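Undergrad: Before I ask anything, let me first share the structure, which is written out below as C-alpha cells.
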Number of protein chains: 2
Amino acid sequence: MPDEPADPFRAIADPTRRRILELLMERRGLTVGELAAEFPELVTSGISKHLMTLRAAGLVVAVKAGRHQHYRIDDGGLDAAFGTWISRYESYWANALDKLHDAATADRSAPDNARRT
Amino acid sequence: MPDEPADPFRAIADPTRRRILELLMERRGLTVGELAAEFPELVTSGISKHLMTLRAAGLVVAVKAGRHQHYRIDDGGLDAAFGTWISRYESYWANALDKLHDAATADRSAPDNARRT
DNA sequence: TCAACGCCTTACCATGAGGTAATGCATTAC
DNA sequence: GTAATGCATTACCTCATGGTAAGGCGTTGA
C-alpha cells in the first residue's frame with residue numbers, strides 16, 4: 001500500500017515541518033536544496049523525509065521541473081486537514097473569548113488572560 | 001523540573017487527546033473517570049497520562065473538588081498555543097483560497113482542487 | 001557517452017511516545 | 001480507625017519517530 005493517509009496533525013507536530021510550511025508560505029516553489037539550506041543542522045535527506053511526510057499528509061505537493069523538484073503548499077489539502085477542526089475551535093473560542101473579554105472589562109486589573117489579540 | 005513547557009502541537013497530535021479536547025468543549029468540568037468512560041479500550045491511568053500531557057501543554061486545567069478532579073479547557077492557553085499559528089494560516093488561506101476560487105471560475109473543467117467545501 | 005548533480009530511497013540507530021500494571025496518596029464512607 | 005474510592009505516579013514494554021549514512025536513479029552539461 002503506497003498511499004496511507006497519514007495524520008496531518010501528526011505531520012505538524014514536528015517543529016521542523018512547521019518551519020517548512022512557513023517557508024513554503026512565504027516563498028512557494030522551493031526546492032529540497034533551498035529548504036535544506038535553512039536547516040544547517042540537518043542533512044538533506046532528512047528534509048526530504050520531512051517533505052515526504054508532509055506530502056503523505058496532503059499538506060504539500062511537488063512539481064518536477066528538470067532535475068529539481070518544486071514544493072508548494074497544497075491549499076486544498078491544508079484546508080481539508082484543518083479547516084473543520086479550526087472552524088469548530090473558532091466557534092468555541094468565540095464564546096470563550098467573549099467570556100474572557102467580559103471578565104477583563106469587568107476587572108481591569110487582570111489584563112493578561114489573553115495575550116495577543 | 002516540574003514545569004517543562006511541552007509542545008501544544010505535539011499534544012494535539014494524538015487522536016485520543018484531540019477527542020478529549022472535544023469532549024471538554026461539549027461538557028466542561030469532566031472528571032477523569034467520566035472521560036475514561038468514553039474510551040473503553042483504554043485504562044484509566046492512560047487517560048490520566050493524556051490529561052497530564054494536555055496540562056503540561058497548557059491546554060487544560062484541573063480543579064480539585066473533593067476527591068474528584070474536574071478538567072476543563074484552558075481558553076487562554078488554547079489561544080496562546082494556536083492563536084498565532086491559526087491567524088497566520090488564515091490570512092494565508094484567505095489569499096490561497098481566493099486564488100483557488102479564481103482558478104475554479106476561470107477553468108470550470110478542473111473542479112477537484114479543493115475537496116470538502 | 002560519461003561525469004556531476006539533485007533528489008529519493010533504503011537500511012540502520014537512538015530516542016521518545018503511547019500503553020498497561022502496580023503502587024501511593026488523599027478523600028470519603030462506614 | 002478502617003475500608004473503599006478516585007486519581008496520580010512510577011516502572012516497564014513495545015513501537016513509532018527523527019535522525020544519519022549510503023546507494024540508486026533520472027537529469028543536465030561537456
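Residue numbers start at 1 in each chain; chains themselves are named A, B, ... in the order of the C-alpha cells; ligands are numbered from 1 in the order shown.
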As a PyMOL selection string, could you give me every residue of chain B near chain C (at most 9 Å apart, counting only C-alpha atoms (C1' of nucleotides))?

TA: chain B and resi 42-43+45-46+66-68

Undergrad: Can you give chain B as a compact mmCIF listing (two decimals) with N, CA and C atoms, in the first residue's frame after you superpose it on chain A, pairing all C-alpha atoms in order for the least-squares fit?

TA:
```txt
# COMPACT_ATOMS: atom_id res chain seq x y z
N MET B 1 1.39 -1.08 0.54
CA MET B 1 0.50 0.10 0.63
C MET B 1 1.27 1.41 0.51
N PRO B 2 1.19 2.07 -0.59
CA PRO B 2 1.98 3.28 -0.77
C PRO B 2 1.30 4.50 -0.17
N ASP B 3 0.00 4.42 0.04
CA ASP B 3 -0.76 5.63 0.36
C ASP B 3 -1.41 5.60 1.73
N GLU B 4 -0.63 5.51 2.76
CA GLU B 4 -1.24 5.62 4.08
C GLU B 4 -1.58 7.07 4.34
N PRO B 5 -2.77 7.34 4.87
CA PRO B 5 -3.24 8.73 5.00
C PRO B 5 -2.29 9.64 5.76
N ALA B 6 -1.83 9.25 6.93
CA ALA B 6 -0.90 10.05 7.72
C ALA B 6 -1.58 11.28 8.33
N ASP B 7 -1.59 11.34 9.62
CA ASP B 7 -2.27 12.40 10.36
C ASP B 7 -1.62 13.77 10.13
N PRO B 8 -2.37 14.72 9.60
CA PRO B 8 -1.82 16.06 9.36
C PRO B 8 -1.40 16.74 10.66
N PHE B 9 -2.09 16.46 11.74
CA PHE B 9 -1.73 17.07 13.02
C PHE B 9 -0.37 16.57 13.49
N ARG B 10 -0.12 15.29 13.21
CA ARG B 10 1.19 14.76 13.55
C ARG B 10 2.24 15.40 12.65
N ALA B 11 1.84 15.71 11.44
CA ALA B 11 2.79 16.30 10.50
C ALA B 11 3.26 17.67 10.97
N ILE B 12 2.34 18.45 11.53
CA ILE B 12 2.74 19.80 11.95
C ILE B 12 3.22 19.83 13.38
N ALA B 13 3.33 18.66 14.00
CA ALA B 13 3.83 18.61 15.37
C ALA B 13 5.33 18.91 15.40
N ASP B 14 6.00 18.66 14.31
CA ASP B 14 7.44 18.87 14.28
C ASP B 14 7.77 20.30 13.85
N PRO B 15 8.60 21.00 14.63
CA PRO B 15 8.93 22.39 14.33
C PRO B 15 9.59 22.56 12.97
N THR B 16 10.41 21.61 12.59
CA THR B 16 11.06 21.70 11.28
C THR B 16 10.03 21.69 10.16
N ARG B 17 9.03 20.84 10.30
CA ARG B 17 8.01 20.78 9.24
C ARG B 17 7.15 22.04 9.24
N ARG B 18 6.90 22.60 10.40
CA ARG B 18 6.15 23.86 10.42
C ARG B 18 6.95 24.95 9.72
N ARG B 19 8.26 24.96 9.98
CA ARG B 19 9.12 25.94 9.32
C ARG B 19 9.11 25.75 7.81
N ILE B 20 9.12 24.50 7.38
CA ILE B 20 9.07 24.21 5.95
C ILE B 20 7.78 24.76 5.35
N LEU B 21 6.68 24.56 6.05
CA LEU B 21 5.41 25.09 5.55
C LEU B 21 5.45 26.61 5.44
N GLU B 22 6.04 27.24 6.45
CA GLU B 22 6.15 28.70 6.40
C GLU B 22 6.96 29.14 5.19
N LEU B 23 8.07 28.48 4.98
CA LEU B 23 8.92 28.83 3.84
C LEU B 23 8.16 28.64 2.53
N LEU B 24 7.38 27.59 2.46
CA LEU B 24 6.63 27.33 1.23
C LEU B 24 5.48 28.31 1.05
N MET B 25 5.06 28.93 2.13
CA MET B 25 4.03 29.96 1.99
C MET B 25 4.63 31.25 1.46
N GLU B 26 5.88 31.52 1.88
CA GLU B 26 6.52 32.75 1.43
C GLU B 26 6.96 32.64 -0.03
N ARG B 27 7.58 31.54 -0.33
CA ARG B 27 8.08 31.35 -1.70
C ARG B 27 7.68 29.96 -2.15
N ARG B 28 6.68 29.87 -2.96
CA ARG B 28 6.27 28.53 -3.40
C ARG B 28 7.19 28.04 -4.51
N GLY B 29 7.25 26.73 -4.63
CA GLY B 29 8.06 26.16 -5.69
C GLY B 29 9.51 25.96 -5.32
N LEU B 30 9.78 25.85 -4.02
CA LEU B 30 11.15 25.61 -3.58
C LEU B 30 11.55 24.15 -3.82
N THR B 31 12.82 23.96 -4.09
CA THR B 31 13.33 22.60 -4.25
C THR B 31 13.85 22.09 -2.91
N VAL B 32 14.13 20.82 -2.88
CA VAL B 32 14.66 20.24 -1.65
C VAL B 32 15.96 20.92 -1.24
N GLY B 33 16.80 21.18 -2.24
CA GLY B 33 18.08 21.80 -1.95
C GLY B 33 17.90 23.20 -1.37
N GLU B 34 16.99 23.97 -1.94
CA GLU B 34 16.75 25.33 -1.44
C GLU B 34 16.20 25.29 -0.01
N LEU B 35 15.33 24.35 0.23
CA LEU B 35 14.80 24.21 1.59
C LEU B 35 15.90 23.77 2.55
N ALA B 36 16.69 22.82 2.10
CA ALA B 36 17.74 22.29 2.96
C ALA B 36 18.73 23.39 3.35
N ALA B 37 18.89 24.36 2.46
CA ALA B 37 19.82 25.45 2.74
C ALA B 37 19.37 26.26 3.97
N GLU B 38 18.09 26.21 4.27
CA GLU B 38 17.56 26.95 5.42
C GLU B 38 17.76 26.20 6.73
N PHE B 39 18.21 24.98 6.62
CA PHE B 39 18.41 24.16 7.83
C PHE B 39 19.84 23.61 7.83
N PRO B 40 20.78 24.46 8.23
CA PRO B 40 22.19 24.06 8.17
C PRO B 40 22.50 22.88 9.09
N GLU B 41 21.69 22.73 10.11
CA GLU B 41 21.98 21.68 11.07
C GLU B 41 21.44 20.33 10.63
N LEU B 42 20.75 20.32 9.50
CA LEU B 42 20.17 19.06 9.02
C LEU B 42 20.80 18.64 7.70
N VAL B 43 20.76 17.34 7.49
CA VAL B 43 21.26 16.77 6.24
C VAL B 43 20.12 16.76 5.23
N THR B 44 20.45 16.79 3.96
CA THR B 44 19.43 16.89 2.91
C THR B 44 18.40 15.77 2.98
N SER B 45 18.86 14.57 3.25
CA SER B 45 17.91 13.46 3.26
C SER B 45 16.90 13.61 4.39
N GLY B 46 17.31 14.30 5.42
CA GLY B 46 16.38 14.58 6.51
C GLY B 46 15.24 15.45 6.04
N ILE B 47 15.58 16.51 5.30
CA ILE B 47 14.55 17.39 4.73
C ILE B 47 13.66 16.60 3.79
N SER B 48 14.27 15.75 3.02
CA SER B 48 13.49 14.93 2.09
C SER B 48 12.49 14.07 2.85
N LYS B 49 12.92 13.52 3.95
CA LYS B 49 12.00 12.71 4.74
C LYS B 49 10.86 13.55 5.29
N HIS B 50 11.19 14.74 5.76
CA HIS B 50 10.13 15.63 6.27
C HIS B 50 9.14 15.96 5.15
N LEU B 51 9.68 16.22 3.97
CA LEU B 51 8.79 16.55 2.85
C LEU B 51 7.90 15.36 2.50
N MET B 52 8.43 14.17 2.61
CA MET B 52 7.60 13.01 2.32
C MET B 52 6.50 12.87 3.37
N THR B 53 6.83 13.21 4.60
CA THR B 53 5.80 13.19 5.64
C THR B 53 4.71 14.20 5.34
N LEU B 54 5.12 15.40 4.94
CA LEU B 54 4.14 16.42 4.61
C LEU B 54 3.31 16.01 3.40
N ARG B 55 3.95 15.35 2.45
CA ARG B 55 3.21 14.87 1.29
C ARG B 55 2.22 13.80 1.70
N ALA B 56 2.65 12.89 2.54
CA ALA B 56 1.77 11.80 2.98
C ALA B 56 0.57 12.36 3.74
N ALA B 57 0.76 13.50 4.38
CA ALA B 57 -0.34 14.13 5.11
C ALA B 57 -1.20 15.00 4.20
N GLY B 58 -0.80 15.12 2.94
CA GLY B 58 -1.59 15.89 1.99
C GLY B 58 -1.42 17.39 2.15
N LEU B 59 -0.32 17.82 2.75
CA LEU B 59 -0.15 19.25 2.98
C LEU B 59 0.69 19.93 1.90
N VAL B 60 1.54 19.17 1.24
CA VAL B 60 2.33 19.73 0.14
C VAL B 60 2.26 18.80 -1.06
N VAL B 61 2.56 19.34 -2.20
CA VAL B 61 2.65 18.53 -3.41
C VAL B 61 3.97 18.86 -4.10
N ALA B 62 4.46 17.91 -4.87
CA ALA B 62 5.72 18.09 -5.58
C ALA B 62 5.49 18.03 -7.07
N VAL B 63 6.17 18.91 -7.78
CA VAL B 63 6.08 18.94 -9.23
C VAL B 63 7.48 18.75 -9.79
N LYS B 64 7.63 17.71 -10.57
CA LYS B 64 8.94 17.46 -11.16
C LYS B 64 9.22 18.47 -12.26
N ALA B 65 10.42 18.98 -12.26
CA ALA B 65 10.84 19.91 -13.31
C ALA B 65 12.30 19.61 -13.60
N GLY B 66 12.53 18.84 -14.61
CA GLY B 66 13.89 18.43 -14.89
C GLY B 66 14.37 17.52 -13.79
N ARG B 67 15.53 17.77 -13.27
CA ARG B 67 15.98 16.91 -12.19
C ARG B 67 15.71 17.54 -10.84
N HIS B 68 15.09 18.69 -10.89
CA HIS B 68 14.66 19.29 -9.63
C HIS B 68 13.24 18.84 -9.33
N GLN B 69 12.83 19.16 -8.14
CA GLN B 69 11.47 18.85 -7.75
C GLN B 69 10.95 20.05 -6.95
N HIS B 70 9.94 20.70 -7.47
CA HIS B 70 9.45 21.91 -6.82
C HIS B 70 8.29 21.57 -5.89
N TYR B 71 8.44 21.97 -4.66
CA TYR B 71 7.40 21.71 -3.67
C TYR B 71 6.56 22.96 -3.47
N ARG B 72 5.27 22.72 -3.31
CA ARG B 72 4.41 23.84 -2.94
C ARG B 72 3.31 23.32 -2.02
N ILE B 73 2.67 24.24 -1.34
CA ILE B 73 1.62 23.87 -0.41
C ILE B 73 0.38 23.42 -1.18
N ASP B 74 -0.23 22.35 -0.71
CA ASP B 74 -1.49 21.89 -1.28
C ASP B 74 -2.63 22.62 -0.57
N ASP B 75 -3.10 23.70 -1.20
CA ASP B 75 -4.08 24.56 -0.53
C ASP B 75 -5.32 23.77 -0.11
N GLY B 76 -5.83 22.99 -1.05
CA GLY B 76 -7.02 22.20 -0.73
C GLY B 76 -6.75 21.21 0.38
N GLY B 77 -5.59 20.60 0.34
CA GLY B 77 -5.24 19.63 1.38
C GLY B 77 -5.12 20.27 2.74
N LEU B 78 -4.53 21.46 2.76
CA LEU B 78 -4.38 22.18 4.02
C LEU B 78 -5.76 22.50 4.60
N ASP B 79 -6.63 22.95 3.73
CA ASP B 79 -7.98 23.29 4.19
C ASP B 79 -8.73 22.04 4.64
N ALA B 80 -8.59 20.97 3.86
CA ALA B 80 -9.28 19.73 4.23
C ALA B 80 -8.77 19.21 5.56
N ALA B 81 -7.48 19.41 5.80
CA ALA B 81 -6.89 18.86 7.01
C ALA B 81 -7.28 19.66 8.25
N PHE B 82 -7.24 20.99 8.13
CA PHE B 82 -7.40 21.83 9.32
C PHE B 82 -8.63 22.72 9.30
N GLY B 83 -9.24 22.85 8.16
CA GLY B 83 -10.36 23.77 8.06
C GLY B 83 -11.45 23.48 9.06
N THR B 84 -11.87 22.21 9.10
CA THR B 84 -12.94 21.84 10.02
C THR B 84 -12.55 22.13 11.46
N TRP B 85 -11.37 21.70 11.81
CA TRP B 85 -10.91 21.85 13.18
C TRP B 85 -10.83 23.32 13.56
N ILE B 86 -10.26 24.10 12.67
CA ILE B 86 -10.07 25.52 12.98
C ILE B 86 -11.41 26.25 13.08
N SER B 87 -12.32 25.94 12.16
CA SER B 87 -13.60 26.66 12.20
C SER B 87 -14.36 26.30 13.47
N ARG B 88 -14.25 25.04 13.87
CA ARG B 88 -14.92 24.66 15.10
C ARG B 88 -14.34 25.43 16.29
N TYR B 89 -13.02 25.50 16.32
CA TYR B 89 -12.39 26.18 17.44
C TYR B 89 -12.61 27.68 17.37
N GLU B 90 -12.79 28.17 16.17
CA GLU B 90 -13.01 29.60 16.06
C GLU B 90 -14.37 30.00 16.61
N SER B 91 -15.36 29.17 16.32
CA SER B 91 -16.68 29.50 16.85
C SER B 91 -16.64 29.38 18.37
N TYR B 92 -15.85 28.43 18.84
CA TYR B 92 -15.67 28.33 20.29
C TYR B 92 -14.97 29.57 20.82
N TRP B 93 -13.92 29.96 20.14
CA TRP B 93 -13.17 31.12 20.59
C TRP B 93 -14.04 32.37 20.63
N ALA B 94 -14.86 32.50 19.61
CA ALA B 94 -15.73 33.67 19.55
C ALA B 94 -16.50 33.78 20.85
N ASN B 95 -17.04 32.66 21.32
CA ASN B 95 -17.74 32.68 22.60
C ASN B 95 -16.79 32.89 23.75
N ALA B 96 -15.74 32.07 23.76
CA ALA B 96 -14.83 32.07 24.90
C ALA B 96 -14.18 33.44 25.07
N LEU B 97 -13.77 34.05 23.98
CA LEU B 97 -13.09 35.33 24.08
C LEU B 97 -14.07 36.43 24.47
N ASP B 98 -15.30 36.27 24.06
CA ASP B 98 -16.33 37.19 24.53
C ASP B 98 -16.40 37.16 26.05
N LYS B 99 -16.43 35.95 26.58
CA LYS B 99 -16.52 35.83 28.03
C LYS B 99 -15.29 36.42 28.70
N LEU B 100 -14.13 36.17 28.11
CA LEU B 100 -12.92 36.75 28.66
C LEU B 100 -13.02 38.26 28.67
N HIS B 101 -13.54 38.78 27.58
CA HIS B 101 -13.67 40.22 27.46
C HIS B 101 -14.62 40.75 28.53
N ASP B 102 -15.75 40.06 28.66
CA ASP B 102 -16.71 40.44 29.69
C ASP B 102 -16.06 40.42 31.06
N ALA B 103 -15.36 39.33 31.33
CA ALA B 103 -14.72 39.19 32.64
C ALA B 103 -13.69 40.29 32.85
N ALA B 104 -12.97 40.62 31.78
CA ALA B 104 -11.92 41.63 31.90
C ALA B 104 -12.52 43.00 32.17
N THR B 105 -13.61 43.31 31.48
CA THR B 105 -14.21 44.63 31.68
C THR B 105 -14.94 44.70 33.01
N ALA B 106 -15.49 43.55 33.44
CA ALA B 106 -16.20 43.54 34.71
C ALA B 106 -15.22 43.64 35.87
N ASP B 107 -14.05 43.02 35.72
CA ASP B 107 -13.07 43.01 36.80
C ASP B 107 -11.73 43.50 36.26
N ARG B 108 -11.48 44.81 36.40
CA ARG B 108 -10.27 45.39 35.81
C ARG B 108 -9.00 44.96 36.51
N SER B 109 -9.13 44.30 37.68
CA SER B 109 -7.92 44.00 38.47
C SER B 109 -7.30 42.65 38.12
N ALA B 110 -7.89 41.90 37.21
CA ALA B 110 -7.29 40.62 36.81
C ALA B 110 -7.03 40.62 35.32
N PRO B 111 -5.99 41.31 34.89
CA PRO B 111 -5.81 41.56 33.48
C PRO B 111 -5.07 40.47 32.72
N ASP B 112 -4.40 39.55 33.40
CA ASP B 112 -3.52 38.65 32.64
C ASP B 112 -4.14 37.28 32.38
N ASN B 113 -5.45 37.24 32.19
CA ASN B 113 -6.04 35.98 31.78
C ASN B 113 -5.59 35.60 30.38
N ALA B 114 -5.53 36.57 29.51
CA ALA B 114 -5.08 36.31 28.15
C ALA B 114 -3.75 37.00 27.91
N ARG B 115 -2.70 36.18 27.82
CA ARG B 115 -1.43 36.74 27.38
C ARG B 115 -1.56 36.99 25.88
N ARG B 116 -0.84 37.87 25.32
CA ARG B 116 -0.86 38.11 23.89
C ARG B 116 -2.22 38.62 23.43
N THR B 117 -2.21 39.75 22.87
CA THR B 117 -3.45 40.20 22.23
C THR B 117 -3.08 40.78 20.89
```

Undergrad: Please report as a ChimeraX atom specification which residues of chain D come no farther than 8 Å from chain B, using only C-alpha atoms (C1' of nucleotides).

TA: /D:6-8

Undergrad: Just list the residues in chain A DSSP gives helix (DSSP H, G or I) on the backbone, as a ChimeraX atom specification.

TA: /A:8-11,15-26,32-37,44-56,75-106,111-113

Undergrad: Would you list, as a JSON list (two decimals) with N, CA and C atoms, in the first residue's frame, the residues of chain A that end up in strand (DSSP E or B) under DSSP run on this structure's backbone?

TA:
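Output file part-v2.json follows:
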```json
[["chain", "number", "residue", "atom", "x", "y", "z"],
["A", 30, "LEU", "N", 9.79, 26.23, -3.54],
["A", 30, "LEU", "CA", 11.16, 25.97, -3.10],
["A", 30, "LEU", "C", 11.56, 24.53, -3.40],
["A", 60, "VAL", "N", 1.49, 19.30, 1.33],
["A", 60, "VAL", "CA", 2.29, 19.92, 0.27],
["A", 60, "VAL", "C", 2.24, 19.04, -0.98],
["A", 61, "VAL", "N", 2.55, 19.65, -2.10],
["A", 61, "VAL", "CA", 2.66, 18.90, -3.35],
["A", 61, "VAL", "C", 3.98, 19.27, -4.00],
["A", 62, "ALA", "N", 4.48, 18.35, -4.83],
["A", 62, "ALA", "CA", 5.75, 18.58, -5.50],
["A", 62, "ALA", "C", 5.53, 18.61, -7.00],
["A", 63, "VAL", "N", 6.22, 19.51, -7.66],
["A", 63, "VAL", "CA", 6.14, 19.61, -9.12],
["A", 63, "VAL", "C", 7.54, 19.44, -9.68],
["A", 64, "LYS", "N", 7.71, 18.45, -10.51],
["A", 64, "LYS", "CA", 9.02, 18.24, -11.10],
["A", 64, "LYS", "C", 9.32, 19.31, -12.13],
["A", 65, "ALA", "N", 10.53, 19.80, -12.10],
["A", 65, "ALA", "CA", 10.97, 20.79, -13.09],
["A", 65, "ALA", "C", 12.43, 20.52, -13.35],
["A", 68, "HIS", "N", 15.21, 19.42, -10.68],
["A", 68, "HIS", "CA", 14.77, 19.96, -9.40],
["A", 68, "HIS", "C", 13.34, 19.50, -9.14],
["A", 69, "GLN", "N", 12.90, 19.77, -7.94],
["A", 69, "GLN", "CA", 11.54, 19.44, -7.59],
["A", 69, "GLN", "C", 11.01, 20.58, -6.73],
["A", 70, "HIS", "N", 9.99, 21.27, -7.23],
["A", 70, "HIS", "CA", 9.50, 22.45, -6.52],
["A", 70, "HIS", "C", 8.32, 22.06, -5.63],
["A", 71, "TYR", "N", 8.47, 22.40, -4.37],
["A", 71, "TYR", "CA", 7.42, 22.09, -3.41],
["A", 71, "TYR", "C", 6.59, 23.33, -3.15],
["A", 72, "ARG", "N", 5.29, 23.10, -3.01],
["A", 72, "ARG", "CA", 4.43, 24.19, -2.58],
["A", 72, "ARG", "C", 3.32, 23.61, -1.71],
["A", 73, "ILE", "N", 2.69, 24.49, -0.98],
["A", 73, "ILE", "CA", 1.62, 24.07, -0.09],
["A", 73, "ILE", "C", 0.39, 23.67, -0.88]]
```
